[in-house]
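As stored in data-v2.tsv (TSV, C-alpha atoms):
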chain	number	residue	atom	x	y	z
A	56	MET	CA	-33.30	-19.41	32.69
A	57	PRO	CA	-31.65	-16.05	31.91
A	58	TRP	CA	-27.87	-15.94	31.93
A	59	GLU	CA	-26.40	-14.53	35.12
A	60	LYS	CA	-22.91	-13.05	35.42
A	61	SER	CA	-20.86	-14.83	38.07
A	62	PHE	CA	-17.54	-12.99	37.62
A	63	ASP	CA	-16.16	-9.46	37.81
A	64	LEU	CA	-16.30	-7.86	34.36
A	65	ASP	CA	-13.42	-5.43	34.92
A	66	ASP	CA	-11.17	-8.20	36.18
A	67	ALA	CA	-12.13	-10.37	33.21
A	68	VAL	CA	-11.32	-7.54	30.79
A	69	ASP	CA	-7.96	-6.99	32.51
A	70	ARG	CA	-7.13	-10.67	32.08
A	71	ALA	CA	-8.19	-10.61	28.43
A	72	GLN	CA	-6.18	-7.44	27.90
A	73	PHE	CA	-3.02	-9.18	29.11
A	74	VAL	CA	-3.52	-12.02	26.61
A	75	PHE	CA	-4.23	-9.72	23.66
A	76	TRP	CA	-1.31	-7.50	24.67
A	77	SER	CA	1.08	-10.43	24.92
A	78	LYS	CA	0.02	-12.40	21.84
A	79	GLY	CA	-1.70	-9.91	19.53
A	80	TYR	CA	-5.27	-10.09	18.28
A	81	GLU	CA	-4.88	-12.67	15.52
A	82	ALA	CA	-2.74	-15.07	17.56
A	83	THR	CA	-5.12	-15.00	20.53
A	84	SER	CA	-7.69	-17.81	20.52
A	85	ILE	CA	-10.97	-18.03	22.39
A	86	THR	CA	-9.40	-20.85	24.40
A	87	ASP	CA	-6.51	-18.55	25.37
A	88	LEU	CA	-9.03	-16.00	26.58
A	89	THR	CA	-11.33	-18.32	28.52
A	90	LYS	CA	-8.35	-19.98	30.20
A	91	SER	CA	-6.90	-16.65	31.30
A	92	MET	CA	-10.26	-15.17	32.30
A	93	GLY	CA	-11.37	-18.29	34.18
A	94	ILE	CA	-14.72	-18.50	32.39
A	95	ASN	CA	-16.27	-20.73	29.73
A	96	LYS	CA	-17.03	-19.81	26.12
A	97	GLY	CA	-20.71	-19.29	26.80
A	98	SER	CA	-19.98	-16.77	29.53
A	99	LEU	CA	-17.52	-14.94	27.31
A	100	TYR	CA	-19.97	-14.60	24.44
A	101	ASN	CA	-22.86	-13.69	26.75
A	102	ALA	CA	-20.85	-11.01	28.56
A	103	PHE	CA	-18.85	-9.54	25.69
A	104	GLY	CA	-20.47	-10.61	22.42
A	105	SER	CA	-17.42	-11.71	20.47
A	106	LYS	CA	-13.63	-11.86	20.48
A	107	LYS	CA	-13.53	-8.56	18.55
A	108	ASP	CA	-15.90	-6.85	20.99
A	109	LEU	CA	-13.79	-8.07	23.90
A	110	PHE	CA	-10.63	-6.80	22.21
A	111	THR	CA	-12.25	-3.40	21.66
A	112	ARG	CA	-13.26	-3.22	25.30
A	113	ALA	CA	-9.77	-4.28	26.45
A	114	LEU	CA	-8.08	-1.69	24.23
A	115	LEU	CA	-10.41	1.09	25.39
A	116	LYS	CA	-9.74	0.21	29.02
A	117	TYR	CA	-5.99	0.14	28.42
A	118	ASP	CA	-6.11	3.54	26.75
A	119	ARG	CA	-8.24	5.03	29.53
A	120	ASP	CA	-6.11	3.59	32.36
A	121	ASN	CA	-2.76	4.40	30.76
A	122	ARG	CA	-2.54	7.07	28.06
A	123	GLN	CA	-5.52	9.16	29.18
A	124	ALA	CA	-4.61	8.92	32.86
A	125	SER	CA	-1.00	9.87	32.12
A	126	ILE	CA	-1.99	12.86	30.01
A	127	ALA	CA	-4.44	14.06	32.66
A	128	ALA	CA	-1.69	13.97	35.30
A	129	LEU	CA	0.83	15.73	33.06
A	130	GLU	CA	-1.65	18.45	32.10
A	131	ALA	CA	-1.57	19.52	35.76
A	132	TYR	CA	2.15	20.33	35.63
A	133	GLU	CA	2.87	24.02	35.98
A	134	ASN	CA	5.86	23.80	33.63
A	135	PRO	CA	4.89	22.13	30.31
A	136	HIS	CA	8.54	21.51	29.38
A	137	ASP	CA	8.85	19.46	32.58
A	138	ALA	CA	5.63	17.65	31.69
A	139	ILE	CA	7.02	16.51	28.35
A	140	GLU	CA	10.33	15.48	29.92
A	141	THR	CA	8.47	13.54	32.63
A	142	LEU	CA	6.43	11.75	29.99
A	143	PHE	CA	9.57	10.42	28.31
A	144	ASP	CA	11.13	9.54	31.68
A	145	ASP	CA	7.99	7.58	32.57
A	146	LEU	CA	7.99	5.74	29.24
A	147	ILE	CA	11.64	4.79	29.70
A	148	ALA	CA	10.98	3.56	33.24
A	149	GLN	CA	7.99	1.50	32.08
A	150	SER	CA	9.99	0.04	29.23
A	151	LEU	CA	12.91	-0.94	31.45
A	152	ALA	CA	10.51	-2.62	33.89
A	153	ASP	CA	8.83	-4.56	31.06
A	154	ASP	CA	10.77	-7.82	31.36
A	155	ALA	CA	8.46	-9.54	28.88
A	156	HIS	CA	9.05	-6.79	26.28
A	157	LYS	CA	5.31	-6.46	25.62
A	158	GLY	CA	5.66	-2.79	24.74
A	159	CYS	CA	2.56	-0.60	24.58
A	160	PHE	CA	-0.76	-2.26	23.78
A	161	LEU	CA	-1.96	0.80	21.86
A	162	VAL	CA	1.24	1.15	19.82
A	163	ASN	CA	1.32	-2.59	19.14
A	164	THR	CA	-2.21	-2.33	17.79
A	165	ALA	CA	-1.26	0.69	15.68
A	166	LEU	CA	1.53	-1.32	14.06
A	167	ASP	CA	-1.02	-3.98	13.10
A	168	LEU	CA	-3.76	-1.62	11.87
A	169	PRO	CA	-4.07	-3.12	8.36
A	170	ASN	CA	-5.35	-6.32	9.99
A	171	HIS	CA	-8.01	-4.56	12.06
A	172	SER	CA	-11.53	-3.34	11.31
A	173	ASP	CA	-12.41	0.27	10.62
A	174	ASP	CA	-13.70	0.90	14.14
A	175	ILE	CA	-10.43	-0.28	15.71
A	176	ARG	CA	-8.44	1.84	13.24
A	177	ASP	CA	-10.61	4.86	14.09
A	178	MET	CA	-10.10	4.25	17.82
A	179	VAL	CA	-6.32	4.02	17.52
A	180	ASN	CA	-6.09	7.03	15.20
A	181	ALA	CA	-8.21	9.09	17.60
A	182	ALA	CA	-5.99	8.11	20.54
A	183	LEU	CA	-2.82	9.04	18.68
A	184	ASP	CA	-4.36	12.29	17.46
A	185	ASP	CA	-5.25	13.10	21.07
A	186	PHE	CA	-1.60	12.54	21.95
A	187	VAL	CA	-0.57	15.05	19.28
A	188	LYS	CA	-3.08	17.57	20.65
A	189	PHE	CA	-1.63	17.10	24.14
A	190	PHE	CA	1.88	17.90	22.89
A	191	GLU	CA	0.54	20.85	20.94
A	192	ARG	CA	-1.15	22.26	24.03
A	193	MET	CA	2.02	21.82	26.08
A	194	ILE	CA	4.16	23.56	23.45
A	195	LYS	CA	1.83	26.54	23.20
A	196	LYS	CA	1.60	26.79	26.98
A	197	GLY	CA	5.38	26.60	27.22
A	198	GLN	CA	5.75	29.37	24.68
A	199	ARG	CA	3.42	31.59	26.69
A	200	GLN	CA	5.62	30.92	29.72
A	201	ASN	CA	8.84	31.44	27.74
A	202	VAL	CA	10.10	27.94	28.62
A	203	ILE	CA	9.75	26.69	25.02
A	204	PRO	CA	11.19	28.80	22.18
A	205	SER	CA	8.65	30.84	20.23
A	206	HIS	CA	10.02	29.62	16.88
A	207	VAL	CA	8.91	26.02	17.60
A	208	GLU	CA	6.01	25.17	15.30
A	209	ALA	CA	3.50	23.56	17.64
A	210	HIS	CA	1.64	21.15	15.37
A	211	THR	CA	4.54	19.71	13.37
A	212	THR	CA	6.69	19.43	16.51
A	213	ALA	CA	3.84	17.69	18.32
A	214	LYS	CA	3.68	15.12	15.53
A	215	SER	CA	7.45	14.65	15.71
A	216	LEU	CA	7.21	14.10	19.47
A	217	LEU	CA	4.53	11.45	18.90
A	218	SER	CA	6.79	9.70	16.39
A	219	LEU	CA	9.52	9.60	19.04
A	220	VAL	CA	7.08	8.16	21.58
A	221	VAL	CA	6.11	5.42	19.13
A	222	GLY	CA	9.74	4.80	18.19
A	223	LEU	CA	10.75	4.53	21.83
A	224	ARG	CA	7.95	2.06	22.54
A	225	VAL	CA	8.87	-0.12	19.58
A	226	LEU	CA	12.65	-0.04	20.04
A	227	ALA	CA	12.32	-0.74	23.77
A	228	ARG	CA	11.00	-4.21	22.94
A	229	GLY	CA	14.48	-5.69	22.94
A	230	VAL	CA	16.30	-3.52	20.37
A	231	TYR	CA	17.51	-0.49	22.37
A	232	ASP	CA	19.09	-0.56	25.81
A	233	GLU	CA	18.61	2.19	28.38
A	234	ALA	CA	21.23	4.42	26.76
A	235	GLY	CA	19.45	4.18	23.42
A	236	LEU	CA	16.10	5.04	24.97
A	237	ARG	CA	17.57	8.04	26.76
A	238	ALA	CA	19.03	9.24	23.46
A	239	ILE	CA	15.48	9.28	22.06
A	240	LYS	CA	14.40	11.37	25.04
A	241	GLN	CA	17.22	13.84	24.38
A	242	ASP	CA	16.15	14.13	20.74
A	243	ALA	CA	12.63	14.91	21.95
A	244	LEU	CA	13.83	17.61	24.33
A	245	LYS	CA	15.95	19.20	21.59
A	246	LEU	CA	12.78	19.78	19.59
A	247	ILE	CA	11.38	21.99	22.36
A	248	SER	CA	14.60	23.47	23.72
A	249	GLU	CA	17.09	24.46	21.06
A	250	PRO	CA	17.35	28.06	19.86
A	251	LYS	CA	16.33	28.89	16.34
A	252	PRO	CA	19.12	28.13	13.86
A	253	LEU	CA	20.86	31.20	12.45
A	254	SER	CA	19.87	31.99	8.86
A	255	ASN	CA	22.58	32.40	6.25
Starting from the file, give its structure as structure tokens.
Amino acid sequence: MPWEKSFDLDDAVDRAQFVFWSKGYEATSITDLTKSMGINKGSLYNAFGSKKDLFTRALLKYDRDNRQASIAALEAYENPHDAIETLFDDLIAQSLADDAHKGCFLVNTALDLPNHSDDIRDMVNAALDDFVKFFERMIKKGQRQNVIPSHVEAHTTAKSLLSLVVGLRVLARGVYDEAGLRAIKQDALKLISEPKPLSN
């Protein structure tokens, strides 16, 4: 008889995502996944193909539901300076609410890229590059509105802002307290707020 799905795929992916996010790809076993998802091994393989395929699906869903959704909401802000500030405020709030110190699933995966396949590396790099492009768009929009100084170099500053996002996400996993995280935010805002230094 053909295999028939008897569970909700999105819910199963969410449950798998939590396990991968908490334990990391290598440390997560098929037993960990089936126990969390409430299905047997046969159902997992029939529905998702393999542990790697399930991880890919979980990471894509996380990125779509979190980073992409956040960027889409922030793009709608009239003031791009406010959008960038809100982004850092949101990341701080999420980090402070993360009692388990799981951090960001995407950033965690980025830190472990040498242990992943080329397609996972490409996916993570594309997501981070999209983040840079978002910052670049916001900077250029802010310069047109005169809320971000014209001397700010959009692309290099966008990459610096991404590095601060990644740093915040990593350090929030039990290293920095709220004051430390807010200091990172202030460093980010300085990049898009301070006047051009006087030349000698």
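Straight-line separation from CA of Asn101 (chain A) to CA of Asp87 (chain A): 17.1 Å.
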Within 12 Å of Asp63 (chain A), counting all atoms listed in the file, which residues qualify if same-chain residues fewer than 2 places away don't, as a ChimeraX atom specification? /A:59-61,65-70,92-94,98-99,102
Tell me, as a count of residues only, which residues lie within 12 Å of Leu216 (chain A), counting only C-alpha atoms; anything in the same chain fewer than 4 positions away does not count. 32
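The coordinates place CA of Asn201 (chain A) at 12.1 Å from CA of Pro250 (chain A).
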Contacts of Val179 (chain A) within 8 Å, all atoms listed in the file, excl. fewer than 4 positions in-chain, as a PDB file with C-alpha atoms, keeping the file's coordinate frame:
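The resulting file, around.pdb, is reproduced below:
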ATOM      1  CA  LEU A 161      -1.960   0.800  21.860  1.00  0.00           C
ATOM      2  CA  THR A 164      -2.210  -2.330  17.790  1.00  0.00           C
ATOM      3  CA  ALA A 165      -1.260   0.690  15.680  1.00  0.00           C
ATOM      4  CA  ILE A 175     -10.430  -0.280  15.710  1.00  0.00           C
ATOM      5  CA  LEU A 183      -2.820   9.040  18.680  1.00  0.00           C
TER       6      LEU A 183
END
Using only C-alpha atoms, the shortest atom-to-atom distance to Ser77 (chain A) among A:Asn163, A:Ser105, A:Ser215, A:Ser172 belongs to A:Asn163
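Once Asp167 (chain A) and its same-chain neighbours fewer than 5 positions away are set aside, Gly79, Tyr80, Glu81, Val162 and Arg176 of chain A remain within 10 Å of it when counting only C-alpha atoms.
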For region 196-199 of chain A, list every protein, DNA or RNA residue within 8 Å, evaluated using only C-alpha atoms, and leave out those in the same chain fewer than 3 positions away; present the list as a list of chain:residue names. A:Asn134, A:Pro135, A:His136, A:Arg192, A:Met193, A:Val202, A:Ile203, A:Pro204, A:Ser205
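Take the candidates A:Arg228, A:Lys90, A:Lys78, A:His171 and check each one against Thr111 (chain A) using all atoms listed in the file; the shortest distance goes to A:His171.
In terms of minimum interatomic distance to Val74 (chain A), A:Lys106 ranks closest within A:His206, A:Lys96, A:Arg237, A:Lys106, counting all atoms listed in the file.
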Where atoms are missing, can you supply all heavy atoms for region 239-250 of chain A and output the lot as an mmCIF file, in the frame of the given file?
data_model
loop_
_atom_site.group_PDB
_atom_site.id
_atom_site.type_symbol
_atom_site.label_atom_id
_atom_site.label_comp_id
_atom_site.auth_asym_id
_atom_site.auth_seq_id
_atom_site.Cartn_x
_atom_site.Cartn_y
_atom_site.Cartn_z
ATOM 1 N N ILE A 239 16.752 8.861 22.667
ATOM 2 C CA ILE A 239 15.480 9.280 22.060
ATOM 3 C C ILE A 239 14.877 10.417 22.869
ATOM 4 O O ILE A 239 14.369 11.402 22.314
ATOM 5 C CB ILE A 239 14.507 8.089 21.981
ATOM 6 C CG1 ILE A 239 15.030 7.032 21.001
ATOM 7 C CG2 ILE A 239 13.114 8.564 21.554
ATOM 8 C CD1 ILE A 239 14.184 5.775 20.938
ATOM 9 N N LYS A 240 14.919 10.293 24.179
ATOM 10 C CA LYS A 240 14.400 11.370 25.040
ATOM 11 C C LYS A 240 15.133 12.682 24.759
ATOM 12 O O LYS A 240 14.496 13.741 24.654
ATOM 13 C CB LYS A 240 14.548 10.981 26.505
ATOM 14 C CG LYS A 240 14.239 12.133 27.469
ATOM 15 C CD LYS A 240 14.755 11.865 28.870
ATOM 16 C CE LYS A 240 14.771 13.140 29.683
ATOM 17 N NZ LYS A 240 15.312 12.947 31.049
ATOM 18 N N GLN A 241 16.460 12.625 24.638
ATOM 19 C CA GLN A 241 17.220 13.840 24.380
ATOM 20 C C GLN A 241 16.847 14.460 23.036
ATOM 21 O O GLN A 241 16.782 15.686 22.904
ATOM 22 C CB GLN A 241 18.726 13.549 24.448
ATOM 23 C CG GLN A 241 19.224 13.211 25.848
ATOM 24 C CD GLN A 241 18.849 14.270 26.878
ATOM 25 O OE1 GLN A 241 19.017 15.468 26.644
ATOM 26 N NE2 GLN A 241 18.334 13.832 28.016
ATOM 27 N N ASP A 242 16.595 13.615 22.044
ATOM 28 C CA ASP A 242 16.150 14.130 20.740
ATOM 29 C C ASP A 242 14.804 14.846 20.885
ATOM 30 O O ASP A 242 14.565 15.872 20.239
ATOM 31 C CB ASP A 242 16.023 12.987 19.737
ATOM 32 C CG ASP A 242 17.382 12.505 19.235
ATOM 33 O OD1 ASP A 242 18.362 13.250 19.389
ATOM 34 O OD2 ASP A 242 17.455 11.384 18.697
ATOM 35 N N ALA A 243 13.934 14.278 21.718
ATOM 36 C CA ALA A 243 12.630 14.910 21.950
ATOM 37 C C ALA A 243 12.793 16.270 22.608
ATOM 38 O O ALA A 243 12.158 17.255 22.197
ATOM 39 C CB ALA A 243 11.763 13.991 22.810
ATOM 40 N N LEU A 244 13.646 16.346 23.612
ATOM 41 C CA LEU A 244 13.830 17.610 24.330
ATOM 42 C C LEU A 244 14.484 18.668 23.447
ATOM 43 O O LEU A 244 14.212 19.865 23.598
ATOM 44 C CB LEU A 244 14.661 17.385 25.589
ATOM 45 C CG LEU A 244 14.007 16.494 26.658
ATOM 46 C CD1 LEU A 244 14.902 16.387 27.882
ATOM 47 C CD2 LEU A 244 12.625 17.018 27.046
ATOM 48 N N LYS A 245 15.340 18.250 22.506
ATOM 49 C CA LYS A 245 15.950 19.200 21.590
ATOM 50 C C LYS A 245 14.892 19.913 20.744
ATOM 51 O O LYS A 245 15.041 21.086 20.404
ATOM 52 C CB LYS A 245 16.947 18.496 20.665
ATOM 53 C CG LYS A 245 18.245 18.079 21.333
ATOM 54 C CD LYS A 245 19.143 17.329 20.353
ATOM 55 C CE LYS A 245 20.414 16.844 21.025
ATOM 56 N NZ LYS A 245 21.262 16.057 20.093
ATOM 57 N N LEU A 246 13.831 19.190 20.414
ATOM 58 C CA LEU A 246 12.780 19.780 19.590
ATOM 59 C C LEU A 246 12.090 20.949 20.283
ATOM 60 O O LEU A 246 11.541 21.837 19.626
ATOM 61 C CB LEU A 246 11.728 18.723 19.234
ATOM 62 C CG LEU A 246 12.175 17.597 18.297
ATOM 63 C CD1 LEU A 246 11.059 16.562 18.145
ATOM 64 C CD2 LEU A 246 12.553 18.169 16.934
ATOM 65 N N ILE A 247 12.091 20.935 21.607
ATOM 66 C CA ILE A 247 11.380 21.990 22.360
ATOM 67 C C ILE A 247 12.337 22.870 23.166
ATOM 68 O O ILE A 247 11.894 23.650 24.002
ATOM 69 C CB ILE A 247 10.312 21.393 23.286
ATOM 70 C CG1 ILE A 247 10.940 20.406 24.278
ATOM 71 C CG2 ILE A 247 9.207 20.721 22.482
ATOM 72 C CD1 ILE A 247 9.993 19.940 25.387
ATOM 73 N N SER A 248 13.641 22.740 22.914
ATOM 74 C CA SER A 248 14.600 23.470 23.720
ATOM 75 C C SER A 248 15.602 24.293 22.933
ATOM 76 O O SER A 248 16.055 25.334 23.399
ATOM 77 C CB SER A 248 15.388 22.479 24.610
ATOM 78 O OG SER A 248 14.533 21.742 25.444
ATOM 79 N N GLU A 249 15.978 23.805 21.762
ATOM 80 C CA GLU A 249 17.090 24.460 21.060
ATOM 81 C C GLU A 249 16.691 25.812 20.474
ATOM 82 O O GLU A 249 15.556 25.980 20.016
ATOM 83 C CB GLU A 249 17.604 23.532 19.954
ATOM 84 C CG GLU A 249 18.327 22.303 20.494
ATOM 85 C CD GLU A 249 19.063 21.555 19.401
ATOM 86 O OE1 GLU A 249 18.673 21.662 18.226
ATOM 87 O OE2 GLU A 249 20.036 20.864 19.742
ATOM 88 N N PRO A 250 17.624 26.752 20.477
ATOM 89 C CA PRO A 250 17.350 28.060 19.860
ATOM 90 C C PRO A 250 17.179 27.925 18.360
ATOM 91 O O PRO A 250 17.611 26.955 17.752
ATOM 92 C CB PRO A 250 18.592 28.874 20.206
ATOM 93 C CG PRO A 250 19.671 27.854 20.426
ATOM 94 C CD PRO A 250 18.986 26.662 21.026
#
